[in-house]
Structures are given as structure tokens and as C-alpha cells.
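*Asks:* Below you will find the structure I want to go over with you.
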There are 4 protein chains.
Amino acid sequence: VTAAPGPGFRARVAESFAAQPFMALLGARLLRVEAGRCAVEVPFRPDLTQQHGFLHAGVLATIADNACGYAALSLMPREAGVLTAEFKLNLVRPARGIAAVARAEVVKPGRTLLVARADVLVRAEDGTEELCAVMLATMMCVQGRPDVPAR
Amino acid sequence: VTAAPGPGFRARVAESFAAQPFMALLGARLLRVEAGRCAVEVPFRPDLTQQHGFLHAGVLATIADNACGYAALSLMPREAGVLTAEFKLNLVRPARGIAAVARAEVVKPGRTLLVARADVLVRAEDGTEELCAVMLATMMCVQGRPDVPAR
Amino acid sequence: VTAAPGPGFRARVAESFAAQPFMALLGARLLRVEAGRCAVEVPFRPDLTQQHGFLHAGVLATIADNACGYAALSLMPREAGVLTAEFKLNLVRPARGIAAVARAEVVKPGRTLLVARADVLVRAEDGTEELCAVMLATMMCVQGRPDVPAR
Amino acid sequence: VTAAPGPGFRARVAESFAAQPFMALLGARLLRVEAGRCAVEVPFRPDLTQQHGFLHAGVLATIADNACGYAALSLMPREAGVLTAEFKLNLVRPARGIAAVARAEVVKPGRTLLVARADVLVRAEDGTEELCAVMLATMMCVQGRPDVPAR
């Protein structure tokens, strides 16, 4: 990634993350933001699981989408907001452990579209991590009022 | 879709849906199951939103994934379980209204893999619905103990 | 699809299609263009196959991508060009027959991004058609010089 | 990638690649095969381009799909064949130069499904390479007669 980070990107990402009620519902937290990179974690909680006792694919999608989105936002101008255009998620292993972490990086920044990818790892009690999902996502940079997106 | 539905498919889908704690957390409910089709709804609730007040992409992904998965399960043999191999979600409009509904159909059944797609619509207070997301997903039929998936 | 077609869209699509050397190499032809819809066909030729004698996934991707792109271009302003941002293709059946046809439609038009999907059918000698692939794609509307895309 | 390579994997991959008429039509060649990794190259030729003079997205999809497929095949048992279940391709930069190279690696091997990703780089006359596309793909391991796939 060669694009320069937007000014004050860490504060902007932290503020946006904190403004998401759904992340609070999941108990998700922002772990780390660098220019073009972001990590988001969710605890393993029984109420986040599917019928076999694994973290629901929707939970993994949520943290991977957020990690990709904020990795992208970190490279955008101050006035810009980020919208997810689309993402694809491959589930490669049942997610059971004590937490799941999505680590994303921007593969290609652009004025309008940014492509990012994320690995989602599930952490066991002994601290070992295993890949449980992979995302490839397209993020969109929107100018002006972010609550009236001009998709 | 030409494949015959598995025996007792409505009961099996309802039972599996009810066994998902994450769907209860979201307040999601199973609307309808036909052979190769399924609809899942989630209410618009403030704690399911992102930073601009729209339903979070992860919530839309969750109900679309479930609708695709159960559309697939309805066509599987009695002993089989369903796993999501992967999905792609395009977000086409901010999701604000009173509820979102994912309507899925199996595009192609298969012994091992089933391809499904879903439209996610957001419903306004006046009952009108607008498309807010589209999914294309690959579901996997697993035999034997569903809690030890042989991916 | 509610967007109005761009003026002279049929001629613009036909002209753009004819300007693609790769479509000539494949023997592909433009079958039909409506507002928000497009169909592209490729003959079954031995030099378009993979190691098992089926049409190569790359050939199916090519015609599906073109059908999606021109379905999108048909709805764009006269000055605009179309670029593929991304696509996903599910292969659901081996493609053997006398031709493959990709039929695309725009699912959601937008100022910058347009989402389209395509079914790819393989036609047998007796005229019957079977689904062999499904695409979901994101197309981008670019203004100004199309040969210097500002992605 | 922890899975052991299948016996004689380099010869099996080379043989399968050589049996693909479409790769000959494109002038594509197999650059390198390691356990779980593969690279495929295509020359920049005018007859492989789209309307703006760039390599067609379908050409990039073809070499990325092949690189992912053979990265997967390298880890499969001797009797197995590989089928593409699905792939997603993001196009991030116009592909103009003297060649494009797809470099793939298996992200997660499995008995039935293998997930792979590929970077596609375009090489300039001075030897520099730039990312032009990214793929995330699901490959399927099929036993028995590969020409009668039991998808």
C-alpha cells in the first residue's frame, strides 16, 4: 500500500467504530489501526453461535467487514466516509475457541474504490490461532454527508 | 430447481433455526420454507445498526446466509447437515425501515455443493419494499455428525 | 430496474463490443441489448476447452462479464464508459454442448456503481439449455477518457 | 499450508496444463509449481485485449483460475482431479504491459474443498510489476473419472 494515511486516521476510525451500536451488541472491539491495516476482535459468546455451537458466519462477516472498512478509511481524506460496496467470505474451519480476530489490509487504494482483504483467526485458550475465514472486499469512499450515500 | 425436497424438510429447518442462539440475539425469525426456497426476517432495531443508523452489513449477511442455507437444507437428505462454504454480498442501498427480509432460492442443487442466491429487501412503514443487498452463496451438504464437519 | 436507458444505448454497446479483439478471438457475439439487459454468446469450439473437454471457466467468465458490463452500460449517460470493478462466478455444471449464452440484467443501477447478475446457459444440439454458471458483478461508471480510468 | 503435496504433483500439474487447449489459444504457460503454490503467465497480445487496449478481465480470470486450481491440485491425492467451484476477481488496475502473471497459493486445504487466492501482476517492459487483479477461489477435489464430475 503506497497511499498516505489520511490525517488523524486513528482517531477517526476509533470514533466511527464507537458509533456502531451493532459492534457493542457483539462485544466487538477495535484492536489496532495502522495506515491501510486494521484488526477487530469479537469474544466467543454462546449467544453469537449457530446451531452447532460455532461462531455464526454472520459474526465473522461482521468483524471482517469492519476490519476491511476501517483499513480503507485510514487511507481516505479527512472529509470522506466509507461504505461497503461488496464482500466475499470463505469459511474454512468451524470457529470455536475464546475469540475471533479479523486482520485486514488494503490491497489496492483508489480514489473511489479500495480493495481490502482480511484473514479471520480463531484463538484457542492456549493462545494458538487458526484461520477460520477469509474475506475479499470492495470499499467505497464517499464524500459529503455520509448519511446520504450517493452510491 | 428440480431436486425433490428432503422428507420433513419444514420441521428440520424450523428445528435448526430455533437452535441458533445468534438468530435469537438479532430477533430474526423464519418466515417461510418451501422446497429450495426460504425467507428470513430481522426487525430494524437501533442496536443492529452501524455508524450512520442503517442496518449493519453483517446483519444483512446473517439473514441472507441463513435464508440461503435453509433453502439448501430443504433439498438435502434427512441425515444431512448444511455448512456455508462461502458467500458474496453486494450492498446496493442503505437499509433503513422497519424490517429487512432475505428471500433465497437454490439456483442449482448438487450432491455436495448447492448454489443459492438471495435478495434482501428493506420494508418501510408503509409496507413498500426496496432491494438493499444481493447474495450469491455456495452451501455444502455434510453427512454424519454435523458438529464435526469434514470440510 | 427503474433507471432510464442512456441515449443511443444499442449503438454504443454494439460499437464497444465490436472494439474488443478478445471477443473476436473467442468468436463471441452480442445477441441482444435492452435497457439494463444484455446477452452474449460463444460457440463451443475445441480450442476454448479445458482438460476435460468442457468450455473453460475463463470463457464463461468472459461472456458473463461482458453481458453484465453492457447491461450496465445501456443505463449510463452517453459520455460514460464501463469498467468491471469485480465479479464472482459460480460454476454449477460442466459446459458441453454447441454454445454457451450469458444473459445478464442490472439488479441495481447507481451513479457510480451498478450491480448486475448473469446466468450462463449451455445449449445442446436439440436446443435445450441448462444452467452452467452464475455471476454476480459490480460495474463502475467512468466519466471522461475511458482509456485513463480513475478507479 | 500444512497439507503434504500429492505424489508426483509437478508432473501431474504440467500434464493437466498441457491438456488445456484454451491455454494454448491464449499463449499461457505454466511458470512454477510448488506444494500449494502455482504461477501462470500470459503474454500481452493485442488479440487478448478489450475495447480500451487492456488485457481482458476474462484473460486475467483465466490465468488466476488456473493458478488457483493447480495450486490446489498439487496438494491432492494422485487419483484426484480438480474442479473450480467458484471464484471472485477484483480488478484493481488496467492491465497493460508485456505480460500478466497470476501467482496463487492455497489458503486452506481440505478433503473436499480447497480455498486459494491469487495476485495477478502486470509486468512492464522494464521488468517492474504492478498488481492488476486479486482472486479468491474455491476449488473442489473430485475422485474417480474427472470427466464425469459429481459436483
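Chain labels run A, B, ... following the order of the C-alpha cells; each chain numbers its residues from 1, and ligands are numbered from 1 in the order shown.
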Starting from chain A, keep only residues with some atom at most 12 Å from an atom of chain C, counting only C-alpha atoms, and report them as a list in words.

*Replies:*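 Residues of chain A within 12 Å of chain C, counting only C-alpha atoms: Thr84, Ala85, Glu86, Phe87, Lys88, Leu89, Lys108, Pro109, Gly110, Arg111, Thr112, Leu113, Leu114, Val115, Leu136, Ala137, Thr138, Met139, Met140, Cys141, Val142, Pro149, Ala150 and Arg151 of chain A.
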
*Asks:* As a ChimeraX atom specification, please: every residue in stretch 27-116 of chain D that DSSP puts in strand (DSSP E or B).

*Replies:* /D:29-34,37-43,49,55,81-91,99-108,113-116

*Asks:* Can you list, as a list of chain:residue names, every protein, DNA or RNA residue that comes within 10 Å of C:Glu125 when you count only C-alpha atoms, leaving out same-chain residues fewer than 4 positions away?

*Replies:*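 The contact residues come out as C:Gly97, C:Ile98, C:Ala99, C:Glu129.
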
*Asks:* Restricting the output to N, CA, C and O atoms, write the selected residues as a PDB file, in the first residue's frame.

*Replies:*
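Final output, saved to part-v3.pdb:
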ATOM      1  N   GLY C  97     -21.703 -28.659 -25.135  1.00  0.00           N
ATOM      2  CA  GLY C  97     -22.888 -28.519 -25.979  1.00  0.00           C
ATOM      3  C   GLY C  97     -22.457 -27.867 -27.272  1.00  0.00           C
ATOM      4  O   GLY C  97     -21.348 -28.107 -27.753  1.00  0.00           O
ATOM      5  N   ILE C  98     -23.329 -27.019 -27.841  1.00  0.00           N
ATOM      6  CA  ILE C  98     -22.935 -26.361 -29.070  1.00  0.00           C
ATOM      7  C   ILE C  98     -22.644 -24.872 -28.873  1.00  0.00           C
ATOM      8  O   ILE C  98     -22.028 -24.237 -29.714  1.00  0.00           O
ATOM      9  N   ALA C  99     -23.088 -24.323 -27.740  1.00  0.00           N
ATOM     10  CA  ALA C  99     -22.824 -22.904 -27.467  1.00  0.00           C
ATOM     11  C   ALA C  99     -23.128 -22.615 -26.010  1.00  0.00           C
ATOM     12  O   ALA C  99     -23.822 -23.386 -25.341  1.00  0.00           O
ATOM     13  N   GLU C 129     -31.516 -25.934 -23.083  1.00  0.00           N
ATOM     14  CA  GLU C 129     -30.487 -25.154 -22.393  1.00  0.00           C
ATOM     15  C   GLU C 129     -30.436 -25.543 -20.924  1.00  0.00           C
ATOM     16  O   GLU C 129     -31.468 -25.778 -20.307  1.00  0.00           O
TER      17      GLU C 129
END

*Asks:* Just the alpha helix (DSSP H) stuff from stretch 7-117 of chain D, please, per backbone DSSP, written as number ranges by chain.

*Replies:* D: 9-18, 21-26, 57-73

*Asks:* Need to verify the contact set: A:Glu105, 8 Å, only C-alpha atoms, exclusion of same-chain residues closer than 2 positions in sequence. Can you return it as an MDAnalysis selection string?

*Replies:* chainID A and resid 36:38 68 71:72 103 107 116:118

*Asks:* What would the file look like if the residues just selected were written as an mmCIF file, in the first residue's frame with N, CA, C and O atoms?

*Replies:*
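Below is the file that was written, result12.cif:
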data_model
loop_
_atom_site.group_PDB
_atom_site.id
_atom_site.type_symbol
_atom_site.label_atom_id
_atom_site.label_comp_id
_atom_site.auth_asym_id
_atom_site.auth_seq_id
_atom_site.Cartn_x
_atom_site.Cartn_y
_atom_site.Cartn_z
ATOM 1 N N GLY A 36 -3.756 1.642 6.364
ATOM 2 C CA GLY A 36 -4.094 0.548 5.455
ATOM 3 C C GLY A 36 -4.286 -0.786 6.134
ATOM 4 O O GLY A 36 -4.468 -1.800 5.453
ATOM 5 N N ARG A 37 -4.269 -0.805 7.460
ATOM 6 C CA ARG A 37 -4.459 -2.064 8.197
ATOM 7 C C ARG A 37 -5.364 -1.852 9.397
ATOM 8 O O ARG A 37 -5.344 -0.783 10.002
ATOM 9 N N CYS A 38 -6.103 -2.895 9.746
ATOM 10 C CA CYS A 38 -6.984 -2.788 10.912
ATOM 11 C C CYS A 38 -7.289 -4.194 11.433
ATOM 12 O O CYS A 38 -7.382 -5.145 10.653
ATOM 13 N N CYS A 68 -11.945 -4.546 7.237
ATOM 14 C CA CYS A 68 -11.657 -4.083 5.867
ATOM 15 C C CYS A 68 -12.059 -2.614 5.697
ATOM 16 O O CYS A 68 -11.330 -1.816 5.096
ATOM 17 N N ALA A 71 -9.603 -0.357 7.613
ATOM 18 C CA ALA A 71 -8.309 -0.337 6.914
ATOM 19 C C ALA A 71 -8.398 0.635 5.736
ATOM 20 O O ALA A 71 -7.473 1.414 5.479
ATOM 21 N N ALA A 72 -9.532 0.621 5.057
ATOM 22 C CA ALA A 72 -9.743 1.538 3.920
ATOM 23 C C ALA A 72 -9.892 2.981 4.395
ATOM 24 O O ALA A 72 -9.259 3.903 3.859
ATOM 25 N N ARG A 103 -8.090 -9.618 10.738
ATOM 26 C CA ARG A 103 -6.968 -8.728 10.430
ATOM 27 C C ARG A 103 -7.040 -8.385 8.951
ATOM 28 O O ARG A 103 -6.932 -9.267 8.111
ATOM 29 N N VAL A 107 -5.403 -3.869 -0.187
ATOM 30 C CA VAL A 107 -4.589 -4.451 -1.248
ATOM 31 C C VAL A 107 -4.299 -3.393 -2.303
ATOM 32 O O VAL A 107 -3.231 -3.355 -2.904
ATOM 33 N N ALA A 116 -9.738 -4.528 -0.223
ATOM 34 C CA ALA A 116 -9.094 -4.984 1.004
ATOM 35 C C ALA A 116 -9.325 -6.470 1.180
ATOM 36 O O ALA A 116 -10.272 -7.030 0.616
ATOM 37 N N ARG A 117 -8.432 -7.105 1.939
ATOM 38 C CA ARG A 117 -8.709 -8.493 2.282
ATOM 39 C C ARG A 117 -8.450 -8.709 3.766
ATOM 40 O O ARG A 117 -7.685 -7.959 4.373
ATOM 41 N N ALA A 118 -9.097 -9.722 4.316
ATOM 42 C CA ALA A 118 -8.961 -9.995 5.740
ATOM 43 C C ALA A 118 -8.843 -11.488 5.981
ATOM 44 O O ALA A 118 -9.461 -12.284 5.275
#

*Asks:* Pick from A:Ala11, A:Ala104, A:Gly127, A:Phe44: nearest to A:Asp65, with only C-alpha atoms counted?

*Replies:*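 The shortest atom-to-atom distance to A:Asp65 comes from A:Ala104.
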
*Asks:* Grab the atom CA of B:Ala64 to atom CA of A:Ser16 distance for me, in Å with one decimal place.

*Replies:* 25.3 Å
